[in-house]
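Structure record follows, encoded as structure tokens.
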Amino acid sequence: MASVKAVLYKSKKKADGRNPIALRVTVNRKSKYTFIDWIHEKDWDKINKIVKTSHPNSKRLNNLIRKKVSDAYDLILEAESLKQNYTSSEIKEGIKTNNSKTSFFRLANEHLNTLESLGKHNQAINQRGFLSNIGYMLKNNDILFHQIDETFLKNLKIYLIGTKGISERSVINHYIFIRSLFNKAISKNLVNPKYYPFGKGKVTIRFPESVKIGLDSDEIKAMEEYDLTESPAKAHARDVFLFSFYLAGIRVSDVINIRWSDISHDRLSYKMGKNNKVVSLKIPEKALAILSKYRTKTTAHSDLIFPELKKADFSDSKDIHAKIRTATRKFNKHLKTIGKDLGITKKITTHIARHSFGNIAGDKVSPQMLQKLYRHSSIMTTMGYQSNFIHTDTDEALESVLNF
């Protein structure tokens, strides 16, 4: 039988007369003490085992006492549920180390630092945003993994949508972040798998259906024909957008990383930044026309085609990532203006080049060929992506019912 009590430990005293508040853990009549803080005896309520309100920090200290008692009982209950033997010394050590070992924020920051060290800056930035939102909800208080239960996750969803104005899709991204950290904690034996809050009968992760909208062929033509002679910055943003579109929606980060040495006999061969896949594509005539605008007599074979990364420090992945983000924001700003000038109501960003290719491809190209063009690992990914843009069958079915 185990018991946990907060007591004033009178066998020790500081020079100023303060005694330690101690947590006394008793197992099989053997007691161990863990010191929490120091107060004068006059500020201790020995009947209720709390700090009197006469102490200026009574509220904080009493909250700390309650938390330490709760943590101790959690360790005892966990050991008993697993039918493990335990001693007062082990519970004492568990109280001292449990918070640091199973701290969600400690493990999260370790994980984010690892991403940074691997050069995965985009992931790190996004996930730091998730962690920041969780911190705001908790008012910057830490939380232990076993406290992240179904109720916490439901409250987090309410907070993110109601207070932060975050979309349902982004909430799921927060859940995935928490789930991955939970899996890390379990693999490191920092938390019992029984506390895992995800899965059947618990919190399930399902992405809400999203609508992907790309430009149609008329809108692409309008962009191609738009005279931007007097606006070189907008013309450059259009060039990058169309170059991406002409090559089945190459990511903008890859576009501005392409060098002249990646092109041979009108063929582009490069390694994707996202997953290091090697891609080889024949460059269409329209894309070659764009390239001709950027080739000069002094162009070196190893030079970058587009200028955004020409001053980047390629030994510093953070610098490269920062310049890519800056360039993308600049492109998107100009593309938004171009769309407004042309009366296009759809949102135009660099990423929409990929959606536009999918929209115009529709069901004209086989899924197997699109899989190669999109560089998808799975045909199911391609079919799921392309289903956003193929509506012919449903449109015809609807018309056949209403055509009477």
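To be explicit about the labels: the chains of the structure tokens are called A, B, and onward in the order shown, and within each one the residues are counted from 1, while ligands get numbers from 1 in the order they are shown.
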key: Ile50 of chain A surroundings by only C-alpha atoms, 9 Å radius, close-in-sequence under 3 positions cut, as a PyMOL selection string   = chain A and resi 6-7+43-47+58+61-62+65
request  = Mind checking which residues fall within 9 Å of segment 133-143 of chain A, counting only C-alpha atoms, ignoring those fewer than 4 positions away in the same chain, and posting them as a PyMOL selection string?
outcome  = chain A and resi 99+102-106+128-129+147-148+156+159-160+164+174
Atomic separation - atom CA of Leu75 of chain A relative to atom CA of Val51 of chain A, Å =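 Pair atom CA of Val51 of chain A / atom CA of Leu75 of chain A returns 24.4 Å.
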Which neighbours of Glu224 of chain A fall inside 9 Å, counting only C-alpha atoms, when residues of the same chain fewer than 6 positions from it are skipped, and could you give them as a tab-separated table (two decimals) with all heavy atoms, in the first residue's frame?
```tsv
chain	number	residue	atom	x	y	z
A	238	ARG	N	5.66	35.75	-64.07
A	238	ARG	CA	4.89	34.96	-65.05
A	238	ARG	C	5.77	33.90	-65.70
A	238	ARG	O	5.34	32.76	-65.89
A	238	ARG	CB	4.29	35.87	-66.12
A	238	ARG	CG	3.55	35.10	-67.21
A	238	ARG	CD	3.04	35.99	-68.31
A	238	ARG	NE	4.13	36.67	-69.02
A	238	ARG	CZ	3.93	37.56	-69.99
A	238	ARG	NH1	2.69	37.86	-70.35
A	238	ARG	NH2	4.95	38.15	-70.58
A	239	ASP	N	7.01	34.26	-66.03
A	239	ASP	CA	7.93	33.29	-66.64
A	239	ASP	C	8.13	32.08	-65.73
A	239	ASP	O	8.10	30.94	-66.20
A	239	ASP	CB	9.29	33.95	-66.91
A	239	ASP	CG	9.26	34.90	-68.10
A	239	ASP	OD1	8.30	34.83	-68.89
A	239	ASP	OD2	10.20	35.71	-68.23
A	242	LEU	N	4.85	29.99	-65.64
A	242	LEU	CA	4.59	29.25	-66.87
A	242	LEU	C	5.64	28.15	-67.08
A	242	LEU	O	5.31	27.06	-67.57
A	242	LEU	CB	4.57	30.20	-68.07
A	242	LEU	CG	3.35	31.13	-68.15
A	242	LEU	CD1	3.49	32.10	-69.31
A	242	LEU	CD2	2.04	30.34	-68.25
```
ask   = Separation of atom CA of Arg169 of chain A and atom CA of Asn192 of chain A, in Å?
value =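 Distance reported for this atom pair: 28.7 Å.
Taking only segment 24-216 of chain A, the residues that DSSP calls strand (DSSP E) from the backbone come to Arg24, Val25, Thr26, Val27, Lys30, Ser31, Lys32, Tyr33, Thr34, Phe35, Ile36, Asp37, Trp38, Ile39, Trp44, Asp45, Ile50 and Val51 of chain A.
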